[in-house]
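Structure data follow from model_14.txt (compact mmCIF, C-alpha atoms and all ligand atoms):
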# COMPACT_ATOMS: atom_id res chain seq x y z
CA MET A 380 89.12 -30.54 -62.05
CA LYS A 381 88.69 -27.21 -63.78
CA THR A 382 91.50 -25.51 -65.57
CA THR A 383 91.98 -21.78 -65.78
CA HIS A 384 92.12 -19.87 -69.02
CA GLN A 385 95.74 -18.96 -68.35
CA GLU A 386 96.66 -22.64 -68.09
CA ILE A 387 95.28 -23.19 -71.58
CA LEU A 388 97.33 -20.29 -72.95
CA ASN A 389 100.48 -21.58 -71.25
CA PHE A 390 99.83 -24.92 -72.85
CA ILE A 391 99.52 -23.35 -76.33
CA ARG A 392 102.85 -21.52 -75.90
CA GLN A 393 104.45 -24.78 -74.85
CA LEU A 394 102.85 -26.68 -77.76
CA TYR A 395 104.31 -24.26 -80.30
CA ASN A 396 107.53 -23.94 -78.35
CA GLN A 397 107.08 -20.18 -78.37
CA PRO A 398 107.44 -18.68 -74.88
CA GLU A 399 106.67 -15.19 -76.24
CA GLY A 400 105.60 -13.30 -79.34
CA PHE A 401 102.61 -13.67 -81.62
CA ILE A 402 101.10 -17.09 -82.33
CA PRO A 403 98.84 -16.99 -85.39
CA LEU A 404 95.70 -19.06 -85.87
CA HIS A 405 96.98 -20.66 -89.04
CA ALA A 406 100.12 -19.76 -90.96
CA PRO A 407 101.17 -21.38 -94.23
CA VAL A 408 104.38 -23.42 -94.31
CA PHE A 409 106.61 -23.38 -97.42
CA LYS A 410 109.32 -25.97 -97.01
CA GLY A 411 109.19 -27.94 -100.26
CA ASN A 412 109.56 -27.21 -103.95
CA GLU A 413 107.70 -23.89 -103.88
CA LYS A 414 110.63 -21.72 -104.98
CA LYS A 415 111.80 -24.23 -107.56
CA TYR A 416 108.42 -24.52 -109.27
CA LEU A 417 107.81 -20.78 -109.17
CA GLU A 418 111.19 -20.23 -110.81
CA LEU A 419 110.35 -22.75 -113.50
CA CYS A 420 107.14 -20.86 -114.10
CA ILE A 421 108.91 -17.54 -114.52
CA GLU A 422 111.71 -18.97 -116.66
CA SER A 423 109.18 -20.55 -119.01
CA THR A 424 107.12 -17.28 -119.10
CA PHE A 425 103.97 -19.39 -118.61
CA VAL A 426 102.75 -17.62 -115.50
CA SER A 427 99.14 -17.08 -116.53
CA SER A 428 96.23 -19.09 -117.84
CA VAL A 429 98.22 -21.64 -119.84
CA GLY A 430 100.83 -24.01 -118.46
CA GLN A 431 101.82 -27.47 -117.35
CA PHE A 432 101.40 -26.85 -113.61
CA VAL A 433 97.65 -26.32 -114.01
CA ASP A 434 97.22 -29.72 -115.68
CA ASP A 435 99.55 -31.43 -113.20
CA PHE A 436 97.83 -29.88 -110.20
CA GLU A 437 94.40 -31.03 -111.41
CA LEU A 438 95.66 -34.58 -112.00
CA GLN A 439 97.41 -34.74 -108.61
CA VAL A 440 94.41 -33.44 -106.66
CA ALA A 441 92.14 -35.90 -108.48
CA ALA A 442 94.57 -38.73 -107.59
CA PHE A 443 94.80 -37.67 -103.95
CA THR A 444 91.05 -37.29 -103.43
CA GLY A 445 89.97 -40.19 -105.63
CA ALA A 446 87.76 -37.92 -107.74
CA LYS A 447 87.46 -38.88 -111.39
CA LYS A 448 88.20 -35.32 -112.50
CA ALA A 449 89.34 -32.10 -110.87
CA VAL A 450 89.03 -28.62 -112.37
CA VAL A 451 90.90 -25.62 -110.93
CA CYS A 452 89.33 -22.25 -110.20
CA VAL A 453 90.60 -18.82 -109.14
CA ASN A 454 89.20 -19.35 -105.65
CA GLY A 455 86.84 -21.50 -103.64
CA THR A 456 83.98 -19.02 -103.77
CA ASN A 457 83.76 -19.00 -107.55
CA ALA A 458 84.24 -22.76 -107.60
CA LEU A 459 81.10 -22.95 -105.42
CA HIS A 460 79.28 -20.57 -107.76
CA LEU A 461 80.14 -22.71 -110.75
CA ALA A 462 79.27 -25.95 -108.94
CA LEU A 463 75.79 -24.60 -108.21
CA LEU A 464 75.27 -23.46 -111.82
CA LEU A 465 76.40 -26.87 -113.08
CA SER A 466 73.98 -28.56 -110.67
CA GLY A 467 71.10 -26.64 -112.24
CA VAL A 468 70.56 -23.96 -109.58
CA GLU A 469 68.50 -21.21 -111.18
CA ARG A 470 67.01 -17.84 -110.17
CA GLU A 471 64.17 -17.92 -107.66
CA THR A 472 64.91 -21.45 -106.51
CA GLU A 473 66.03 -22.43 -102.99
CA VAL A 474 69.28 -24.02 -101.83
CA ILE A 475 69.59 -25.76 -98.46
CA THR A 476 72.71 -25.13 -96.43
CA GLN A 477 73.85 -24.70 -92.82
CA PRO A 478 73.90 -21.36 -90.97
CA LEU A 479 77.24 -22.25 -89.35
CA THR A 480 79.56 -21.72 -92.29
CA PHE A 481 81.77 -19.10 -93.90
CA ILE A 482 79.81 -16.42 -95.78
CA ALA A 483 81.06 -17.67 -99.18
CA THR A 484 78.68 -20.64 -99.04
CA ALA A 485 75.63 -18.37 -98.87
CA ASN A 486 77.04 -15.78 -101.26
CA ALA A 487 77.60 -18.40 -103.98
CA ILE A 488 73.90 -19.27 -103.66
CA SER A 489 73.00 -15.59 -104.02
CA TYR A 490 75.21 -15.20 -107.13
CA CYS A 491 72.84 -17.69 -108.80
CA GLY A 492 69.82 -15.60 -107.80
CA ALA A 493 68.71 -18.40 -105.48
CA HIS A 494 67.61 -18.21 -101.82
CA PRO A 495 69.38 -20.10 -99.04
CA VAL A 496 67.40 -22.11 -96.47
CA PHE A 497 69.34 -22.64 -93.24
CA ILE A 498 69.03 -26.04 -91.55
CA ASP A 499 70.57 -26.88 -88.16
CA VAL A 500 73.93 -28.59 -87.61
CA GLU A 501 74.93 -31.54 -85.42
CA MET A 502 76.82 -31.18 -82.16
CA ASP A 503 79.49 -33.76 -82.93
CA THR A 504 80.26 -33.00 -86.60
CA LEU A 505 79.42 -29.25 -86.56
CA GLY A 506 77.99 -29.95 -90.04
CA LEU A 507 74.50 -30.18 -91.54
CA SER A 508 72.24 -32.47 -89.49
CA PRO A 509 70.67 -35.31 -91.52
CA ALA A 510 67.82 -35.54 -88.97
CA ALA A 511 67.03 -31.83 -89.18
CA LEU A 512 67.30 -31.99 -92.98
CA ARG A 513 64.84 -34.88 -93.22
CA ASN A 514 62.48 -33.26 -90.79
CA TRP A 515 62.41 -30.00 -92.75
CA LEU A 516 61.98 -31.72 -96.11
CA GLU A 517 59.15 -33.88 -94.71
CA THR A 518 57.20 -31.03 -93.22
CA SER A 519 57.99 -28.16 -95.60
CA THR A 520 58.14 -29.62 -99.11
CA ASP A 521 55.97 -31.42 -101.64
CA GLN A 522 57.13 -33.39 -104.64
CA GLN A 523 55.99 -32.52 -108.15
CA ILE A 524 56.87 -33.37 -111.73
CA ASN A 525 58.90 -30.72 -113.55
CA LYS A 526 57.02 -29.95 -116.75
CA SER A 527 60.08 -29.40 -118.93
CA THR A 528 62.29 -32.24 -117.69
CA ASN A 529 59.54 -34.68 -116.64
CA GLN A 530 61.60 -35.40 -113.50
CA LEU A 531 60.41 -35.34 -109.90
CA GLU A 532 61.47 -32.35 -107.84
CA SER A 533 60.86 -30.98 -104.35
CA VAL A 534 59.04 -27.69 -103.85
CA ASN A 535 58.84 -25.52 -100.75
CA LYS A 536 55.14 -25.60 -99.80
CA SER A 537 55.11 -22.07 -98.42
CA THR A 538 57.03 -20.26 -101.20
CA GLY A 539 56.31 -22.51 -104.20
CA ARG A 540 60.00 -22.45 -105.08
CA ILE A 541 61.96 -25.50 -106.25
CA ILE A 542 64.70 -26.85 -103.95
CA SER A 543 67.50 -26.90 -106.50
CA ALA A 544 70.49 -28.03 -104.39
CA CYS A 545 71.83 -28.78 -100.92
CA VAL A 546 75.26 -27.56 -99.77
CA PRO A 547 76.57 -29.25 -96.61
CA MET A 548 79.94 -28.01 -95.32
CA HIS A 549 82.70 -29.98 -93.57
CA THR A 550 83.31 -27.56 -90.72
CA PHE A 551 86.94 -26.87 -89.76
CA GLY A 552 87.87 -30.10 -91.56
CA HIS A 553 85.56 -32.42 -89.60
CA PRO A 554 83.49 -34.43 -92.08
CA CYS A 555 79.71 -34.19 -91.70
CA ARG A 556 77.47 -37.28 -92.12
CA ILE A 557 77.69 -36.92 -95.85
CA ASP A 558 76.45 -40.40 -96.84
CA LYS A 559 73.19 -39.85 -94.93
CA ILE A 560 72.79 -36.38 -96.38
CA VAL A 561 73.26 -37.65 -99.95
CA GLU A 562 70.83 -40.50 -99.28
CA ILE A 563 68.10 -38.11 -98.07
CA CYS A 564 68.71 -35.65 -100.90
CA ASP A 565 68.48 -38.49 -103.44
CA GLU A 566 65.06 -39.37 -102.01
CA TYR A 567 63.99 -35.77 -102.51
CA HIS A 568 65.65 -35.35 -105.94
CA ILE A 569 68.04 -32.68 -104.73
CA PRO A 570 71.64 -32.56 -106.04
CA VAL A 571 74.34 -32.22 -103.36
CA VAL A 572 77.27 -29.82 -103.72
CA GLU A 573 79.81 -30.42 -100.95
CA ASP A 574 81.56 -27.37 -99.59
CA ALA A 575 84.82 -29.15 -98.79
CA ALA A 576 86.77 -25.86 -98.78
CA GLU A 577 88.17 -26.60 -95.31
CA SER A 578 88.52 -30.37 -95.56
CA MET A 579 91.30 -31.19 -98.01
CA GLY A 580 92.82 -34.35 -96.53
CA SER A 581 89.70 -35.31 -94.52
CA PHE A 582 88.03 -38.66 -95.05
CA TYR A 583 84.59 -40.02 -94.24
CA LYS A 584 84.44 -43.82 -93.99
CA GLY A 585 87.70 -43.94 -95.92
CA ARG A 586 86.55 -41.74 -98.77
CA HIS A 587 87.77 -38.19 -99.32
CA THR A 588 85.33 -35.39 -98.54
CA GLY A 589 84.03 -33.67 -101.65
CA THR A 590 83.60 -36.95 -103.56
CA PHE A 591 80.16 -37.92 -102.23
CA GLY A 592 77.97 -35.26 -103.79
CA LYS A 593 77.41 -34.43 -107.44
CA ILE A 594 80.25 -31.89 -107.18
CA GLY A 595 82.74 -31.10 -104.41
CA VAL A 596 84.57 -27.83 -103.86
CA LEU A 597 88.01 -27.23 -102.31
CA SER A 598 89.72 -23.96 -101.41
CA PHE A 599 93.44 -23.15 -101.42
CA ASN A 600 93.19 -19.73 -99.84
CA GLY A 601 96.17 -18.63 -97.72
CA ASN A 602 94.61 -19.83 -94.46
CA LYS A 603 93.65 -23.32 -95.66
CA ILE A 604 95.66 -26.53 -95.09
CA ILE A 605 97.47 -26.10 -98.41
CA THR A 606 97.55 -22.85 -100.35
CA THR A 607 98.01 -21.60 -103.89
CA GLY A 608 97.87 -17.98 -102.71
CA GLY A 609 94.27 -17.96 -103.83
CA GLY A 610 92.57 -20.86 -105.51
CA GLY A 611 89.88 -23.47 -105.59
CA MET A 612 89.04 -26.80 -107.16
CA LEU A 613 85.92 -28.59 -108.37
CA LEU A 614 85.78 -32.37 -107.87
CA PHE A 615 83.68 -34.53 -110.20
CA ASP A 616 82.63 -38.09 -110.62
CA ASP A 617 80.86 -37.17 -113.87
CA GLU A 618 83.57 -36.54 -116.48
CA GLU A 619 81.22 -34.81 -118.91
CA LEU A 620 80.28 -32.31 -116.24
CA ALA A 621 83.99 -31.69 -115.60
CA VAL A 622 84.50 -30.87 -119.28
CA LYS A 623 81.60 -28.45 -119.08
CA ALA A 624 83.12 -26.87 -115.95
CA LYS A 625 86.48 -26.37 -117.68
CA HIS A 626 84.68 -24.75 -120.59
CA LEU A 627 82.83 -22.32 -118.31
CA THR A 628 85.99 -21.38 -116.36
CA THR A 629 87.71 -20.38 -119.61
CA GLN A 630 85.12 -17.88 -120.94
CA ALA A 631 83.24 -20.70 -122.76
CA LYS A 632 85.74 -20.35 -125.58
CA VAL A 633 85.42 -22.97 -128.29
CA PRO A 634 88.91 -24.43 -128.70
CA HIS A 635 90.49 -23.27 -131.97
CA ALA A 636 94.00 -22.32 -133.06
CA TRP A 637 93.11 -18.69 -133.83
CA GLU A 638 89.40 -18.03 -133.81
CA PHE A 639 87.57 -16.46 -130.86
CA VAL A 640 84.16 -18.07 -130.63
CA HIS A 641 82.31 -18.40 -127.32
CA ASP A 642 79.19 -20.55 -127.10
CA ASP A 643 77.87 -19.70 -123.63
CA ILE A 644 78.09 -17.11 -120.84
CA GLY A 645 81.49 -18.14 -119.56
CA TYR A 646 83.63 -16.93 -116.68
CA ASN A 647 87.25 -16.00 -116.18
CA TYR A 648 87.58 -18.45 -113.31
CA ARG A 649 90.67 -20.34 -114.34
CA MET A 650 93.61 -20.58 -111.96
CA PRO A 651 96.87 -19.09 -113.29
CA ASN A 652 99.84 -21.41 -113.76
CA ILE A 653 101.86 -19.57 -111.12
CA ASN A 654 99.27 -20.42 -108.45
CA ALA A 655 99.11 -24.03 -109.61
CA ALA A 656 102.91 -24.24 -109.31
CA LEU A 657 102.65 -23.21 -105.67
CA GLY A 658 99.77 -25.65 -105.18
CA LEU A 659 101.70 -28.58 -106.58
CA ALA A 660 104.61 -27.92 -104.22
CA GLN A 661 102.17 -27.65 -101.30
CA LEU A 662 100.32 -30.82 -102.25
CA GLU A 663 103.59 -32.75 -102.07
CA GLN A 664 103.80 -31.74 -98.39
CA LEU A 665 100.15 -32.42 -97.53
CA PRO A 666 100.82 -35.83 -95.91
CA ALA A 667 103.41 -34.18 -93.64
CA PHE A 668 101.02 -31.32 -92.80
CA LEU A 669 98.31 -33.84 -91.98
CA ASP A 670 100.64 -35.75 -89.64
CA SER A 671 101.69 -32.56 -87.91
CA LYS A 672 98.10 -31.37 -87.47
CA ARG A 673 97.03 -34.75 -86.13
CA MET A 674 99.78 -34.55 -83.53
CA ILE A 675 98.72 -31.03 -82.51
CA ALA A 676 95.08 -32.13 -82.24
CA HIS A 677 96.15 -35.13 -80.18
CA SER A 678 98.07 -32.87 -77.80
CA TYR A 679 95.09 -30.53 -77.39
CA ASN A 680 92.75 -33.48 -76.92
CA GLN A 681 94.98 -34.96 -74.24
CA PHE A 682 95.35 -31.62 -72.48
CA PHE A 683 91.62 -30.99 -72.29
CA LYS A 684 90.88 -34.61 -71.33
CA ASP A 685 93.31 -34.43 -68.44
CA PHE A 686 91.29 -31.78 -66.69
CA GLY A 687 87.78 -33.08 -67.11
CA GLY A 688 87.29 -34.42 -70.56
CA PHE A 689 84.27 -34.08 -72.75
CA SER A 690 81.46 -36.25 -73.90
CA PHE A 691 79.21 -35.82 -76.85
CA GLU A 692 76.75 -38.29 -75.40
CA ASN A 693 75.72 -35.50 -73.06
CA THR A 694 75.76 -32.74 -75.60
CA HIS A 695 74.50 -29.86 -73.54
CA ILE A 696 76.53 -30.04 -70.34
CA ASP A 697 77.52 -26.59 -69.37
CA SER A 698 80.37 -26.79 -66.92
CA LEU A 699 83.34 -28.11 -68.90
CA ILE A 700 85.54 -26.87 -71.67
CA ARG A 701 85.30 -29.47 -74.39
CA PHE A 702 87.73 -30.17 -77.22
CA VAL A 703 85.95 -31.05 -80.47
CA SER A 704 87.60 -34.20 -81.76
CA GLU A 705 86.99 -35.91 -85.09
CA PRO A 706 83.53 -37.51 -85.38
CA ILE A 707 83.25 -41.31 -85.51
CA ASN A 708 83.87 -42.95 -88.91
CA THR A 709 86.03 -40.04 -90.01
CA LYS A 710 89.61 -38.99 -90.35
CA SER A 711 89.71 -35.23 -89.97
CA ASN A 712 92.47 -33.00 -91.32
CA TYR A 713 92.10 -30.99 -88.07
CA TRP A 714 92.44 -27.81 -90.11
CA LEU A 715 91.35 -25.58 -87.23
CA ASN A 716 91.13 -27.04 -83.75
CA CYS A 717 88.24 -25.90 -81.65
CA ILE A 718 86.85 -26.04 -78.14
CA LEU A 719 83.41 -25.33 -76.73
CA MET A 720 83.40 -23.05 -73.71
CA PRO A 721 80.76 -23.47 -70.97
CA ASP A 722 78.98 -20.26 -72.00
CA ARG A 723 79.25 -17.03 -74.00
CA LEU A 724 80.75 -15.15 -71.08
CA GLY A 725 83.53 -17.73 -70.72
CA ARG A 726 84.12 -17.55 -74.45
CA ASP A 727 84.47 -13.78 -74.44
CA GLU A 728 86.74 -13.76 -71.38
CA PHE A 729 89.02 -16.29 -73.02
CA LEU A 730 89.12 -14.42 -76.35
CA LEU A 731 90.05 -11.20 -74.55
CA LEU A 732 92.81 -12.80 -72.49
CA SER A 733 94.25 -14.82 -75.34
CA ASN A 734 94.30 -12.11 -78.01
CA GLY A 735 95.65 -9.68 -75.41
CA GLN A 736 98.66 -11.99 -74.96
CA GLY A 737 99.29 -12.33 -78.70
CA ILE A 738 97.78 -15.79 -79.00
CA ARG A 739 95.32 -15.56 -81.86
CA THR A 740 92.01 -17.26 -81.10
CA ARG A 741 88.62 -16.43 -82.54
CA PRO A 742 84.94 -17.23 -82.21
CA VAL A 743 83.06 -19.00 -84.99
CA TRP A 744 81.47 -16.93 -87.78
CA GLU A 745 78.30 -15.04 -86.88
CA LEU A 746 75.50 -17.39 -87.95
CA ILE A 747 74.58 -16.37 -91.49
CA ASN A 748 70.84 -16.16 -90.78
CA TYR A 749 71.59 -13.22 -88.43
CA LEU A 750 73.48 -11.16 -91.04
CA PRO A 751 71.55 -8.26 -92.61
CA THR A 752 71.59 -9.79 -96.11
CA TYR A 753 70.25 -13.15 -95.00
CA LYS A 754 68.05 -12.41 -91.99
CA TYR A 755 64.82 -12.89 -93.99
CA CYS A 756 65.76 -16.41 -95.12
CA GLU A 757 63.86 -19.47 -93.97
CA THR A 758 65.48 -21.55 -91.22
CA SER A 759 64.75 -24.72 -89.28
CA ASP A 760 65.04 -24.45 -85.52
CA LEU A 761 68.73 -23.78 -84.94
CA LEU A 762 69.21 -25.11 -81.43
CA ASN A 763 72.65 -26.64 -82.01
CA ALA A 764 73.95 -23.87 -84.28
CA ASN A 765 73.03 -21.25 -81.69
CA TYR A 766 74.57 -23.30 -78.90
CA ILE A 767 77.82 -23.75 -80.80
CA ALA A 768 77.98 -20.14 -82.02
CA GLU A 769 77.88 -18.87 -78.44
CA ARG A 770 80.64 -21.15 -77.20
CA LEU A 771 83.06 -22.19 -79.93
CA ILE A 772 86.63 -20.94 -80.05
CA ASN A 773 89.25 -21.79 -82.67
CA LEU A 774 92.74 -22.40 -81.29
CA PRO A 775 96.11 -21.91 -83.04
CA SER A 776 96.47 -24.82 -85.46
CA SER A 777 99.39 -24.20 -87.85
CA SER A 778 101.44 -27.19 -88.93
CA LYS A 779 104.68 -27.23 -87.01
CA LYS A 780 107.79 -26.90 -89.13
CA SER A 781 109.73 -29.09 -86.70
CA ASP A 782 107.31 -32.00 -87.18
CA GLU A 783 107.96 -32.21 -90.88
CA PRO A 784 110.62 -34.21 -92.64
CA LYS A 785 113.56 -32.23 -93.97
C1 LIG B 1 87.47 -20.67 -97.41
C2 LIG B 1 86.08 -21.07 -97.61
C3 LIG B 1 85.38 -20.85 -98.82
C4 LIG B 1 85.86 -19.96 -99.91
O1 LIG B 1 87.09 -20.13 -100.38
P1 LIG B 1 87.94 -18.93 -101.00
O2 LIG B 1 89.01 -19.69 -101.71
O3 LIG B 1 88.45 -18.10 -99.88
O4 LIG B 1 87.07 -18.17 -101.94
C5 LIG B 1 84.12 -21.36 -98.96
N1 LIG B 1 83.51 -22.03 -97.98
C6 LIG B 1 84.12 -22.24 -96.80
C7 LIG B 1 83.39 -23.01 -95.76
C8 LIG B 1 85.41 -21.77 -96.57
O5 LIG B 1 85.98 -21.97 -95.38
Could you rewrite the structure in this file as structure tokens?
Amino acid sequence: MKTTHQEILNFIRQLYNQPEGFIPLHAPVFKGNEKKYLELCIESTFVSSVGQFVDDFELQVAAFTGAKKAVVCVNGTNALHLALLLSGVERETEVITQPLTFIATANAISYCGAHPVFIDVEMDTLGLSPAALRNWLETSTDQQINKSTNQLESVNKSTGRIISACVPMHTFGHPCRIDKIVEICDEYHIPVVEDAAESMGSFYKGRHTGTFGKIGVLSFNGNKIITTGGGGMLLFDDEELAVKAKHLTTQAKVPHAWEFVHDDIGYNYRMPNINAALGLAQLEQLPAFLDSKRMIAHSYNQFFKDFGGFSFENTHIDSLIRFVSEPINTKSNYWLNCILMPDRLGRDEFLLLSNGQGIRTRPVWELINYLPTYKYCETSDLLNANYIAERLINLPSSSKKSDEPK
């Protein structure tokens, strides 16, 4: 059985119990201690770069994710920038990532003066494909000994540039095959920085995303599963590296009661206390948000199954609308639910109808390798990324207030 586009829209209105009016893609929910903590912030006058909420927020995020250390940043993009610098990404090196990601991933690579290489994604995870990664590394790189460090490194045979990092991304909260990716990168002496900006609360084989690579990055932008207004976080297993990160986010100032000495090129990347206060209140509600989003995803999944279902065993069947459910071995936060339409025409028809009725849906980002800034970058074949980019639609996915405990 085939459903009509209008039936899907009716279902969304029913799901959000909103017979009319605008339904956003993802709206933040503030139902906890937000006002209380913000008031405490203002009463104490510690609204800026010093304060207890910053320390508490770092400790709580580390505890939730299982990272040894967490370091806050002003946003996810500069957290990515710093993560790459701390991983040793230098000018005129190359960093592997996926073309199907938000622009910030590629821009952070550019901030370091490095060049992105775009490798294809998988159909079921929407994240970097371990098979495509291995294939590209096998055919396009050689290993050599770095003369200054005496360590092995991989070099792009055609450009002569060192591959200095790999940045897989957990797309819309669905974890990619991160253990395989780390294993391959280890073989090729490439540090992994996980762009876990969208996957706070997502687990791969029981372990939180962002804790597999050398460094993981979270975002707390207004559209993410929890928000600090704007904000980001670096996750570390290596505590020394975390200390270095903290130092760089605070202008590389050498701690002293009155002197101003800076021992490196530092950054003003530290999150203000007022944002951390909001973040702490949001983090307390994360388990409730996750439950609510799981229920919404379940409802979508059931709805799309009922009229034809989907199967990722036959990845390129072109007649059904398929709901993208969490990949095997993972627990997704279902940050943004998505479906794959049969073709680009179907996608565009649905986007027109839906947005015309005030139900916010959107296509996936334009693949980064097609943007003017990045169109000269090296890519693998991008069969899956192109397929997905033509068909994917994000559906309204806000947590429902009614699902949460009082
Ligand atoms: C949101 C996002 C970022 C950047 O986070 P900001 O906090 O908005 O700077 C980076 N990568 C991905 C994949 C994102 O979705």
A:Ala660, A:Ile767, A:Ala511, A:Leu699 ranked by distance to Ile563 of chain A, top pick (using all atoms listed in the file): A:Ala511
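Comparing the minimum interatomic distances between ligand LIG 1 (chain B) and each of A:Lys536, A:Arg392, A:Lys710, A:His549, counting only C-alpha atoms and all ligand atoms, we find that A:His549 sits nearest.
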Nearby residues, ligand LIG 1 (chain B), 8 Å, all atoms listed in the file, as a count of residues only: 29
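Relative to atom CA of Phe702 of chain A, atom CA of Asn680 of chain A is found at 6.0 Å.
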From A:Phe682, A:Tyr648, A:Phe591, A:Phe582, residue lying nearest Ile560 of chain A [only C-alpha atoms]: A:Phe591
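Across A:Thr444, A:Ser423, A:Asn765, A:Thr528, the tightest approach to Trp744 of chain A is made by A:Asn765 when counting all atoms listed in the file.
The residue that comes closest to Val429 of chain A, out of A:Cys555, A:Ile541, A:Ala656, A:Val640 and on the basis of all atoms listed in the file, is A:Ala656.
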Å distance separating atom CA of Gly430 of chain A from atom CA of Asn652 of chain A, one decimal place: 5.5 Å
Can you sort out the box for segment 705-714 of chain A, edges along x, y and z, all listed atoms in, 3 Å on every side, with centre and edge lengths in Å to one decimal, as lines of an AutoDock Vina configuration file?
center_x = 87.9
center_y = -35.4
center_z = -88.2
size_x = 15.2
size_y = 21.1
size_z = 12.2
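Using only C-alpha atoms for every distance, the candidate list A:Gln431, A:Gln664, A:Ser777, A:Thr476 yields A:Ser777 as the residue closest to Ala406 of chain A.
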Contacts of segment 447-449 of chain A within 7 Å, only C-alpha atoms, excl. fewer than 4 positions in-chain, as an MDAnalysis selection string: chainID A and resid 437:438 440:441 612:616 618 621
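Look at Phe390 of chain A: the protein and nucleic acid residues within 12 Å of it, using all atoms listed in the file and passing over chain neighbours fewer than 5 places away, are Thr382, Thr383, His384, Gln385, Tyr395, Asn396, Gln397, Pro398, Ile675, Ser678, Tyr679, Asn680, Gln681, Phe682, Phe683, Ser733, Ile738, Leu774 and Pro775 of chain A.
Take atom CA of Leu715 of chain A and atom CA of Lys754 of chain A: the distance between them is 27.2 Å.
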Residues near Leu531 of chain A, cut-off 12 Å, only C-alpha atoms, skip fewer than 2 positions along chain, as an NGL selection string: :A and (521-529 or 533-534 or 541-543 or 565-569)
Go ahead and write the residues just picked, C-alpha atoms, as a PDB file, in the frame of the given file.
ATOM      1  CA  ASP A 521      55.970 -31.420-101.640  1.00  0.00           C
ATOM      2  CA  GLN A 522      57.130 -33.390-104.640  1.00  0.00           C
ATOM      3  CA  GLN A 523      55.990 -32.520-108.150  1.00  0.00           C
ATOM      4  CA  ILE A 524      56.870 -33.370-111.730  1.00  0.00           C
ATOM      5  CA  ASN A 525      58.900 -30.720-113.550  1.00  0.00           C
ATOM      6  CA  LYS A 526      57.020 -29.950-116.750  1.00  0.00           C
ATOM      7  CA  SER A 527      60.080 -29.400-118.930  1.00  0.00           C
ATOM      8  CA  THR A 528      62.290 -32.240-117.690  1.00  0.00           C
ATOM      9  CA  ASN A 529      59.540 -34.680-116.640  1.00  0.00           C
ATOM     10  CA  SER A 533      60.860 -30.980-104.350  1.00  0.00           C
ATOM     11  CA  VAL A 534      59.040 -27.690-103.850  1.00  0.00           C
ATOM     12  CA  ILE A 541      61.960 -25.500-106.250  1.00  0.00           C
ATOM     13  CA  ILE A 542      64.700 -26.850-103.950  1.00  0.00           C
ATOM     14  CA  SER A 543      67.500 -26.900-106.500  1.00  0.00           C
ATOM     15  CA  ASP A 565      68.480 -38.490-103.440  1.00  0.00           C
ATOM     16  CA  GLU A 566      65.060 -39.370-102.010  1.00  0.00           C
ATOM     17  CA  TYR A 567      63.990 -35.770-102.510  1.00  0.00           C
ATOM     18  CA  HIS A 568      65.650 -35.350-105.940  1.00  0.00           C
ATOM     19  CA  ILE A 569      68.040 -32.680-104.730  1.00  0.00           C
TER      20      ILE A 569
END
Selection near segment 477-479 of chain A, 6 Å with all atoms listed in the file, sequence-local residues under 3 positions removed, as a ChimeraX atom specification: /A:497-498,507,746-747
Mind completing segment 507-514 of chain A with N, CA, C and O atoms? Output as a PDB file, keeping the file's coordinate frame, please?
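result.pdb, written as the output of this step:
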ATOM      1  N   LEU A 507      75.935 -30.043 -91.303  1.00  0.00           N
ATOM      2  CA  LEU A 507      74.500 -30.180 -91.540  1.00  0.00           C
ATOM      3  C   LEU A 507      73.953 -31.468 -90.908  1.00  0.00           C
ATOM      4  O   LEU A 507      74.514 -32.548 -91.091  1.00  0.00           O
ATOM      5  N   SER A 508      72.834 -31.336 -90.200  1.00  0.00           N
ATOM      6  CA  SER A 508      72.240 -32.470 -89.490  1.00  0.00           C
ATOM      7  C   SER A 508      71.288 -33.237 -90.413  1.00  0.00           C
ATOM      8  O   SER A 508      70.295 -32.677 -90.888  1.00  0.00           O
ATOM      9  N   PRO A 509      71.573 -34.530 -90.673  1.00  0.00           N
ATOM     10  CA  PRO A 509      70.670 -35.310 -91.520  1.00  0.00           C
ATOM     11  C   PRO A 509      69.254 -35.367 -90.931  1.00  0.00           C
ATOM     12  O   PRO A 509      68.273 -35.314 -91.679  1.00  0.00           O
ATOM     13  N   ALA A 510      69.146 -35.444 -89.604  1.00  0.00           N
ATOM     14  CA  ALA A 510      67.820 -35.540 -88.970  1.00  0.00           C
ATOM     15  C   ALA A 510      67.038 -34.241 -89.191  1.00  0.00           C
ATOM     16  O   ALA A 510      65.850 -34.272 -89.544  1.00  0.00           O
ATOM     17  N   ALA A 511      67.696 -33.111 -88.995  1.00  0.00           N
ATOM     18  CA  ALA A 511      67.030 -31.830 -89.180  1.00  0.00           C
ATOM     19  C   ALA A 511      66.663 -31.622 -90.657  1.00  0.00           C
ATOM     20  O   ALA A 511      65.609 -31.076 -90.987  1.00  0.00           O
ATOM     21  N   LEU A 512      67.534 -32.101 -91.540  1.00  0.00           N
ATOM     22  CA  LEU A 512      67.300 -31.990 -92.980  1.00  0.00           C
ATOM     23  C   LEU A 512      66.049 -32.781 -93.365  1.00  0.00           C
ATOM     24  O   LEU A 512      65.145 -32.271 -94.033  1.00  0.00           O
ATOM     25  N   ARG A 513      65.996 -34.040 -92.892  1.00  0.00           N
ATOM     26  CA  ARG A 513      64.840 -34.880 -93.220  1.00  0.00           C
ATOM     27  C   ARG A 513      63.550 -34.290 -92.659  1.00  0.00           C
ATOM     28  O   ARG A 513      62.531 -34.227 -93.342  1.00  0.00           O
ATOM     29  N   ASN A 514      63.654 -33.833 -91.438  1.00  0.00           N
ATOM     30  CA  ASN A 514      62.480 -33.260 -90.790  1.00  0.00           C
ATOM     31  C   ASN A 514      61.946 -32.057 -91.570  1.00  0.00           C
ATOM     32  O   ASN A 514      60.746 -31.933 -91.817  1.00  0.00           O
TER      33      ASN A 514
END
